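Asks: Take a look at this one; I'll ask things after.
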Amino acid sequence: MAESSAQIEPLQGAGLTVHRDETLQAATLRYFGGDGAFAAALREVSGVALPEVLLLAGELALSELEARLAQAADGCLVNLTGGLKVLRVTGEGIPDLLCRLGGTGSIPQLGEARRSRLADVPVLALSVRPGEMLLLVDRAYAEHLMGWIRETLLDFAGA
């Protein structure tokens with residue numbers, strides 16, 4: 001199924017910008033322990049500690065990680081890039097947008113991730129820095145979510 005240009009073009013309004021972040025790819029990590037060969041290989045390649053489940057990385061970094069972690073018998077990396085889309089939201093009105101799309105329980109604190117339903121689809125929201133949020137959504141629902149965001153931004157502008 002071809003993706004529409006509505007997903008690709010950034011949305012702007014009410015002091016917010018929303019666009020698909022094509023630079024980030026997602027993977028899930030499955031491992032037996034945080035002190036085994038899998039965790040050590042991840043630290044060696046990435047320089048960061050083992051995340052609990054989800055890993056976001058650039059395309060080249062994720063490819064290198066996949067290759068290096070494939071040899072570790074105590075864990076595995078499952079590339080989710082084809083199934084998940086990352087939307088980057090910036091601006092001061094993020095809490096208002098998330099409240100409209102899903103309610104106050106959908107707003108993560110700084111450095112936190114929160115799974116909720118936005119526009120009636122499951123979304124993982126990550127608060128990466130003040131005024132910036134990443135929304136991870138199943139590829140099948142990305143266009144739907146962007147449509148709701150577009151209409152919500154128009155509603156903000158009309159208010």
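Chain labels run A, B, ... following the order of the structure tokens; each chain numbers its residues from 1, and ligands are numbered from 1 in the order shown.
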Residues within 7 Å of Gln25 of chain A, please, as a list of chain:residue names. Count only C-alpha atoms; anything in the same chain fewer than 2 positions from it doesn't count.

Replies: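 The residues satisfying every condition are A:Thr23, A:Ala27, A:Leu56, A:Ala57, A:Gly58, A:Glu59, A:Thr81.
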
Asks: Going by DSSP on the backbone, which bits of segment 43-153 of chain A are alpha helix (DSSP H)? Write them as a ChimeraX atom specification, please.

Replies: /A:43-46,59-69,94-102,139-153

Asks: What residues in chain A get the DSSP label strand (DSSP E or B)? Please answer as a PDB file with N, CA, C and O atoms, in the first residue's frame.

Replies:
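Below is the file part-v9.pdb, written as the result:
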```
ATOM      1  N   LEU A  11       3.365  19.139   9.359  1.00  0.00           N
ATOM      2  CA  LEU A  11       2.179  19.894   9.731  1.00  0.00           C
ATOM      3  C   LEU A  11       2.608  21.008  10.670  1.00  0.00           C
ATOM      4  O   LEU A  11       3.438  20.786  11.556  1.00  0.00           O
ATOM      5  N   GLN A  12       2.057  22.196  10.479  1.00  0.00           N
ATOM      6  CA  GLN A  12       2.376  23.319  11.343  1.00  0.00           C
ATOM      7  C   GLN A  12       1.109  24.071  11.700  1.00  0.00           C
ATOM      8  O   GLN A  12       0.210  24.200  10.864  1.00  0.00           O
ATOM      9  N   GLY A  13       1.063  24.539  12.916  1.00  0.00           N
ATOM     10  CA  GLY A  13      -0.057  25.350  13.357  1.00  0.00           C
ATOM     11  C   GLY A  13      -0.100  25.429  14.862  1.00  0.00           C
ATOM     12  O   GLY A  13       0.415  24.542  15.553  1.00  0.00           O
ATOM     13  N   LEU A  16       2.965  24.606  16.840  1.00  0.00           N
ATOM     14  CA  LEU A  16       3.449  23.227  16.815  1.00  0.00           C
ATOM     15  C   LEU A  16       3.898  22.846  15.414  1.00  0.00           C
ATOM     16  O   LEU A  16       3.333  23.318  14.431  1.00  0.00           O
ATOM     17  N   THR A  17       4.878  21.970  15.356  1.00  0.00           N
ATOM     18  CA  THR A  17       5.302  21.355  14.102  1.00  0.00           C
ATOM     19  C   THR A  17       5.320  19.849  14.315  1.00  0.00           C
ATOM     20  O   THR A  17       5.822  19.369  15.328  1.00  0.00           O
ATOM     21  N   VAL A  18       4.766  19.117  13.354  1.00  0.00           N
ATOM     22  CA  VAL A  18       4.736  17.657  13.413  1.00  0.00           C
ATOM     23  C   VAL A  18       5.233  17.135  12.081  1.00  0.00           C
ATOM     24  O   VAL A  18       4.745  17.535  11.030  1.00  0.00           O
ATOM     25  N   HIS A  19       6.227  16.243  12.121  1.00  0.00           N
ATOM     26  CA  HIS A  19       6.696  15.624  10.881  1.00  0.00           C
ATOM     27  C   HIS A  19       7.190  14.211  11.162  1.00  0.00           C
ATOM     28  O   HIS A  19       7.528  13.880  12.294  1.00  0.00           O
ATOM     29  N   ARG A  20       7.175  13.394  10.132  1.00  0.00           N
ATOM     30  CA  ARG A  20       7.742  12.051  10.251  1.00  0.00           C
ATOM     31  C   ARG A  20       9.243  12.189  10.337  1.00  0.00           C
ATOM     32  O   ARG A  20       9.859  12.906   9.576  1.00  0.00           O
ATOM     33  N   GLN A  25      15.114   4.912  13.429  1.00  0.00           N
ATOM     34  CA  GLN A  25      14.567   3.587  13.220  1.00  0.00           C
ATOM     35  C   GLN A  25      14.394   2.928  14.579  1.00  0.00           C
ATOM     36  O   GLN A  25      15.126   3.232  15.520  1.00  0.00           O
ATOM     37  N   ALA A  26      13.433   2.042  14.674  1.00  0.00           N
ATOM     38  CA  ALA A  26      13.109   1.408  15.951  1.00  0.00           C
ATOM     39  C   ALA A  26      13.407  -0.077  15.921  1.00  0.00           C
ATOM     40  O   ALA A  26      13.272  -0.736  14.891  1.00  0.00           O
ATOM     41  N   ALA A  27      13.799  -0.576  17.074  1.00  0.00           N
ATOM     42  CA  ALA A  27      14.018  -2.012  17.247  1.00  0.00           C
ATOM     43  C   ALA A  27      13.593  -2.373  18.660  1.00  0.00           C
ATOM     44  O   ALA A  27      13.639  -1.550  19.569  1.00  0.00           O
ATOM     45  N   THR A  28      13.172  -3.601  18.826  1.00  0.00           N
ATOM     46  CA  THR A  28      12.883  -4.107  20.164  1.00  0.00           C
ATOM     47  C   THR A  28      14.008  -5.059  20.544  1.00  0.00           C
ATOM     48  O   THR A  28      14.591  -5.720  19.685  1.00  0.00           O
ATOM     49  N   LEU A  29      14.319  -5.070  21.824  1.00  0.00           N
ATOM     50  CA  LEU A  29      15.405  -5.905  22.325  1.00  0.00           C
ATOM     51  C   LEU A  29      14.826  -6.981  23.222  1.00  0.00           C
ATOM     52  O   LEU A  29      14.015  -6.703  24.101  1.00  0.00           O
ATOM     53  N   ARG A  30      15.242  -8.201  23.002  1.00  0.00           N
ATOM     54  CA  ARG A  30      14.836  -9.329  23.836  1.00  0.00           C
ATOM     55  C   ARG A  30      16.118  -9.976  24.349  1.00  0.00           C
ATOM     56  O   ARG A  30      16.994 -10.331  23.553  1.00  0.00           O
ATOM     57  N   TYR A  31      16.243 -10.099  25.660  1.00  0.00           N
ATOM     58  CA  TYR A  31      17.475 -10.635  26.225  1.00  0.00           C
ATOM     59  C   TYR A  31      17.175 -11.307  27.561  1.00  0.00           C
ATOM     60  O   TYR A  31      16.159 -11.052  28.196  1.00  0.00           O
ATOM     61  N   LEU A  54      12.862  -0.989  24.098  1.00  0.00           N
ATOM     62  CA  LEU A  54      12.861  -0.320  22.802  1.00  0.00           C
ATOM     63  C   LEU A  54      14.153   0.454  22.575  1.00  0.00           C
ATOM     64  O   LEU A  54      14.672   1.099  23.486  1.00  0.00           O
ATOM     65  N   LEU A  55      14.640   0.397  21.351  1.00  0.00           N
ATOM     66  CA  LEU A  55      15.843   1.111  20.962  1.00  0.00           C
ATOM     67  C   LEU A  55      15.525   1.957  19.744  1.00  0.00           C
ATOM     68  O   LEU A  55      14.950   1.450  18.770  1.00  0.00           O
ATOM     69  N   LEU A  56      15.866   3.246  19.779  1.00  0.00           N
ATOM     70  CA  LEU A  56      15.748   4.122  18.621  1.00  0.00           C
ATOM     71  C   LEU A  56      17.152   4.505  18.195  1.00  0.00           C
ATOM     72  O   LEU A  56      17.974   4.887  19.028  1.00  0.00           O
ATOM     73  N   ALA A  57      17.416   4.408  16.905  1.00  0.00           N
ATOM     74  CA  ALA A  57      18.749   4.700  16.402  1.00  0.00           C
ATOM     75  C   ALA A  57      18.653   5.139  14.947  1.00  0.00           C
ATOM     76  O   ALA A  57      17.648   4.908  14.278  1.00  0.00           O
ATOM     77  N   GLY A  75      20.467 -12.955  23.583  1.00  0.00           N
ATOM     78  CA  GLY A  75      19.513 -11.902  23.266  1.00  0.00           C
ATOM     79  C   GLY A  75      19.369 -11.720  21.766  1.00  0.00           C
ATOM     80  O   GLY A  75      20.096 -12.333  20.984  1.00  0.00           O
ATOM     81  N   CYS A  76      18.405 -10.895  21.387  1.00  0.00           N
ATOM     82  CA  CYS A  76      18.246 -10.611  19.962  1.00  0.00           C
ATOM     83  C   CYS A  76      17.637  -9.227  19.776  1.00  0.00           C
ATOM     84  O   CYS A  76      16.977  -8.683  20.651  1.00  0.00           O
ATOM     85  N   LEU A  77      17.892  -8.667  18.629  1.00  0.00           N
ATOM     86  CA  LEU A  77      17.346  -7.379  18.223  1.00  0.00           C
ATOM     87  C   LEU A  77      16.373  -7.650  17.087  1.00  0.00           C
ATOM     88  O   LEU A  77      16.715  -8.336  16.129  1.00  0.00           O
ATOM     89  N   VAL A  78      15.152  -7.111  17.216  1.00  0.00           N
ATOM     90  CA  VAL A  78      14.145  -7.259  16.163  1.00  0.00           C
ATOM     91  C   VAL A  78      13.890  -5.874  15.589  1.00  0.00           C
ATOM     92  O   VAL A  78      13.401  -4.982  16.280  1.00  0.00           O
ATOM     93  N   ASN A  79      14.266  -5.692  14.326  1.00  0.00           N
ATOM     94  CA  ASN A  79      14.112  -4.400  13.665  1.00  0.00           C
ATOM     95  C   ASN A  79      12.624  -4.163  13.377  1.00  0.00           C
ATOM     96  O   ASN A  79      11.989  -4.941  12.683  1.00  0.00           O
ATOM     97  N   LEU A  84       6.885   0.441  12.360  1.00  0.00           N
ATOM     98  CA  LEU A  84       6.632   1.627  13.184  1.00  0.00           C
ATOM     99  C   LEU A  84       7.062   2.888  12.465  1.00  0.00           C
ATOM    100  O   LEU A  84       8.068   2.897  11.773  1.00  0.00           O
ATOM    101  N   LYS A  85       6.316   3.946  12.676  1.00  0.00           N
ATOM    102  CA  LYS A  85       6.683   5.263  12.171  1.00  0.00           C
ATOM    103  C   LYS A  85       6.911   6.171  13.367  1.00  0.00           C
ATOM    104  O   LYS A  85       6.232   6.063  14.391  1.00  0.00           O
ATOM    105  N   VAL A  86       7.885   7.055  13.253  1.00  0.00           N
ATOM    106  CA  VAL A  86       8.205   7.998  14.310  1.00  0.00           C
ATOM    107  C   VAL A  86       7.765   9.381  13.854  1.00  0.00           C
ATOM    108  O   VAL A  86       8.189   9.861  12.794  1.00  0.00           O
ATOM    109  N   LEU A  87       6.910  10.019  14.658  1.00  0.00           N
ATOM    110  CA  LEU A  87       6.491  11.389  14.412  1.00  0.00           C
ATOM    111  C   LEU A  87       7.173  12.266  15.452  1.00  0.00           C
ATOM    112  O   LEU A  87       7.129  11.966  16.647  1.00  0.00           O
ATOM    113  N   ARG A  88       7.807  13.333  14.993  1.00  0.00           N
ATOM    114  CA  ARG A  88       8.462  14.275  15.904  1.00  0.00           C
ATOM    115  C   ARG A  88       7.561  15.496  16.038  1.00  0.00           C
ATOM    116  O   ARG A  88       7.199  16.124  15.043  1.00  0.00           O
ATOM    117  N   VAL A  89       7.207  15.816  17.267  1.00  0.00           N
ATOM    118  CA  VAL A  89       6.335  16.953  17.557  1.00  0.00           C
ATOM    119  C   VAL A  89       7.146  17.963  18.349  1.00  0.00           C
ATOM    120  O   VAL A  89       7.759  17.610  19.369  1.00  0.00           O
ATOM    121  N   THR A  90       7.171  19.217  17.891  1.00  0.00           N
ATOM    122  CA  THR A  90       7.887  20.264  18.602  1.00  0.00           C
ATOM    123  C   THR A  90       6.963  21.454  18.812  1.00  0.00           C
ATOM    124  O   THR A  90       6.097  21.730  17.987  1.00  0.00           O
ATOM    125  N   GLY A  91       7.177  22.138  19.930  1.00  0.00           N
ATOM    126  CA  GLY A  91       6.409  23.338  20.221  1.00  0.00           C
ATOM    127  C   GLY A  91       5.884  23.339  21.638  1.00  0.00           C
ATOM    128  O   GLY A  91       5.872  22.324  22.325  1.00  0.00           O
ATOM    129  N   ALA A 113       8.383   7.645  28.895  1.00  0.00           N
ATOM    130  CA  ALA A 113       7.605   7.139  27.768  1.00  0.00           C
ATOM    131  C   ALA A 113       6.258   6.700  28.314  1.00  0.00           C
ATOM    132  O   ALA A 113       6.178   6.170  29.416  1.00  0.00           O
ATOM    133  N   ARG A 114       5.219   6.937  27.536  1.00  0.00           N
ATOM    134  CA  ARG A 114       3.877   6.564  27.981  1.00  0.00           C
ATOM    135  C   ARG A 114       3.095   6.005  26.796  1.00  0.00           C
ATOM    136  O   ARG A 114       2.985   6.638  25.767  1.00  0.00           O
ATOM    137  N   ARG A 115       2.546   4.805  26.997  1.00  0.00           N
ATOM    138  CA  ARG A 115       1.692   4.196  25.974  1.00  0.00           C
ATOM    139  C   ARG A 115       0.259   4.557  26.293  1.00  0.00           C
ATOM    140  O   ARG A 115      -0.186   4.431  27.423  1.00  0.00           O
ATOM    141  N   SER A 116      -0.444   5.036  25.265  1.00  0.00           N
ATOM    142  CA  SER A 116      -1.853   5.390  25.424  1.00  0.00           C
ATOM    143  C   SER A 116      -2.520   5.309  24.059  1.00  0.00           C
ATOM    144  O   SER A 116      -1.906   4.894  23.081  1.00  0.00           O
ATOM    145  N   ARG A 117      -3.757   5.738  24.014  1.00  0.00           N
ATOM    146  CA  ARG A 117      -4.489   5.787  22.748  1.00  0.00           C
ATOM    147  C   ARG A 117      -4.635   7.250  22.369  1.00  0.00           C
ATOM    148  O   ARG A 117      -5.198   8.036  23.124  1.00  0.00           O
ATOM    149  N   LEU A 118      -4.113   7.599  21.209  1.00  0.00           N
ATOM    150  CA  LEU A 118      -4.269   8.936  20.640  1.00  0.00           C
ATOM    151  C   LEU A 118      -5.067   8.775  19.360  1.00  0.00           C
ATOM    152  O   LEU A 118      -4.734   7.925  18.534  1.00  0.00           O
ATOM    153  N   VAL A 121      -5.969   5.194  18.467  1.00  0.00           N
ATOM    154  CA  VAL A 121      -5.004   4.170  18.053  1.00  0.00           C
ATOM    155  C   VAL A 121      -3.884   4.119  19.093  1.00  0.00           C
ATOM    156  O   VAL A 121      -3.579   5.123  19.742  1.00  0.00           O
ATOM    157  N   PRO A 122      -3.246   2.950  19.279  1.00  0.00           N
ATOM    158  CA  PRO A 122      -2.163   2.855  20.261  1.00  0.00           C
ATOM    159  C   PRO A 122      -0.926   3.623  19.795  1.00  0.00           C
ATOM    160  O   PRO A 122      -0.482   3.486  18.654  1.00  0.00           O
ATOM    161  N   VAL A 123      -0.395   4.441  20.716  1.00  0.00           N
ATOM    162  CA  VAL A 123       0.775   5.267  20.419  1.00  0.00           C
ATOM    163  C   VAL A 123       1.685   5.251  21.640  1.00  0.00           C
ATOM    164  O   VAL A 123       1.213   5.289  22.777  1.00  0.00           O
ATOM    165  N   LEU A 124       2.986   5.207  21.405  1.00  0.00           N
ATOM    166  CA  LEU A 124       3.965   5.371  22.470  1.00  0.00           C
ATOM    167  C   LEU A 124       4.524   6.775  22.346  1.00  0.00           C
ATOM    168  O   LEU A 124       5.109   7.130  21.309  1.00  0.00           O
ATOM    169  N   ALA A 125       4.321   7.596  23.376  1.00  0.00           N
ATOM    170  CA  ALA A 125       4.824   8.968  23.380  1.00  0.00           C
ATOM    171  C   ALA A 125       6.066   9.026  24.257  1.00  0.00           C
ATOM    172  O   ALA A 125       6.058   8.532  25.389  1.00  0.00           O
ATOM    173  N   LEU A 126       7.142   9.620  23.728  1.00  0.00           N
ATOM    174  CA  LEU A 126       8.389   9.766  24.466  1.00  0.00           C
ATOM    175  C   LEU A 126       8.713  11.252  24.568  1.00  0.00           C
ATOM    176  O   LEU A 126       8.819  11.932  23.543  1.00  0.00           O
ATOM    177  N   SER A 127       8.874  11.736  25.775  1.00  0.00           N
ATOM    178  CA  SER A 127       9.247  13.136  25.998  1.00  0.00           C
ATOM    179  C   SER A 127      10.765  13.208  26.027  1.00  0.00           C
ATOM    180  O   SER A 127      11.393  12.814  27.005  1.00  0.00           O
ATOM    181  N   VAL A 128      11.364  13.682  24.931  1.00  0.00           N
ATOM    182  CA  VAL A 128      12.819  13.640  24.797  1.00  0.00           C
ATOM    183  C   VAL A 128      13.522  14.877  25.323  1.00  0.00           C
ATOM    184  O   VAL A 128      14.662  14.811  25.757  1.00  0.00           O
ATOM    185  N   ARG A 129      12.860  16.020  25.267  1.00  0.00           N
ATOM    186  CA  ARG A 129      13.389  17.271  25.818  1.00  0.00           C
ATOM    187  C   ARG A 129      12.237  18.256  25.908  1.00  0.00           C
ATOM    188  O   ARG A 129      11.199  18.031  25.289  1.00  0.00           O
ATOM    189  N   GLU A 132       9.631  18.986  22.965  1.00  0.00           N
ATOM    190  CA  GLU A 132       9.849  17.999  21.896  1.00  0.00           C
ATOM    191  C   GLU A 132       9.401  16.611  22.351  1.00  0.00           C
ATOM    192  O   GLU A 132       9.772  16.143  23.417  1.00  0.00           O
ATOM    193  N   MET A 133       8.607  15.981  21.500  1.00  0.00           N
ATOM    194  CA  MET A 133       8.037  14.670  21.802  1.00  0.00           C
ATOM    195  C   MET A 133       8.167  13.792  20.560  1.00  0.00           C
ATOM    196  O   MET A 133       8.037  14.272  19.441  1.00  0.00           O
ATOM    197  N   LEU A 134       8.412  12.506  20.783  1.00  0.00           N
ATOM    198  CA  LEU A 134       8.370  11.522  19.708  1.00  0.00           C
ATOM    199  C   LEU A 134       7.125  10.680  19.904  1.00  0.00           C
ATOM    200  O   LEU A 134       6.838  10.241  21.021  1.00  0.00           O
ATOM    201  N   LEU A 135       6.392  10.447  18.834  1.00  0.00           N
ATOM    202  CA  LEU A 135       5.222   9.583  18.863  1.00  0.00           C
ATOM    203  C   LEU A 135       5.515   8.384  17.979  1.00  0.00           C
ATOM    204  O   LEU A 135       5.760   8.548  16.781  1.00  0.00           O
ATOM    205  N   LEU A 136       5.516   7.196  18.538  1.00  0.00           N
ATOM    206  CA  LEU A 136       5.735   5.972  17.776  1.00  0.00           C
ATOM    207  C   LEU A 136       4.390   5.311  17.548  1.00  0.00           C
ATOM    208  O   LEU A 136       3.670   5.019  18.509  1.00  0.00           O
ATOM    209  N   VAL A 137       4.072   5.107  16.281  1.00  0.00           N
ATOM    210  CA  VAL A 137       2.769   4.574  15.910  1.00  0.00           C
ATOM    211  C   VAL A 137       2.958   3.496  14.851  1.00  0.00           C
ATOM    212  O   VAL A 137       3.870   3.568  14.030  1.00  0.00           O
ATOM    213  N   ASP A 138       2.112   2.499  14.913  1.00  0.00           N
ATOM    214  CA  ASP A 138       2.120   1.448  13.901  1.00  0.00           C
ATOM    215  C   ASP A 138       1.956   2.077  12.522  1.00  0.00           C
ATOM    216  O   ASP A 138       1.147   2.979  12.342  1.00  0.00           O
TER     217      ASP A 138
END
```

Asks: Excluding same-chain residues fewer than 4 positions from segment 66-74 of chain A, what lies within 9 Å of it counting only C-alpha atoms, as a PyMOL selection string?

Replies: chain A and resi 30-33+36-39+41-42+45+61-62+78-79

Asks: State, in Å with one decimal place, the distance from atom CA of Gly158 of chain A to atom CA of Gly131 of chain A.

Replies: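 Separation of atom CA of Gly158 of chain A and atom CA of Gly131 of chain A: 22.3 Å.
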
Asks: Counting only C-alpha atoms, which of A:Leu24, A:Gly34, A:Leu145, A:Thr152 gets nearest to Asp96 of chain A?

Replies: A:Thr152

Asks: Have a look at atom CA of Leu153 of chain A and atom CA of Ala119 of chain A and let me know their distance in Å, one decimal.

Replies: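 Pair atom CA of Leu153 of chain A / atom CA of Ala119 of chain A returns 13.3 Å.
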
Asks: So what do you get for atom CA of Gly102 of chain A versus atom CA of Gly83 of chain A, distance-wise?

Replies: 21.9 Å
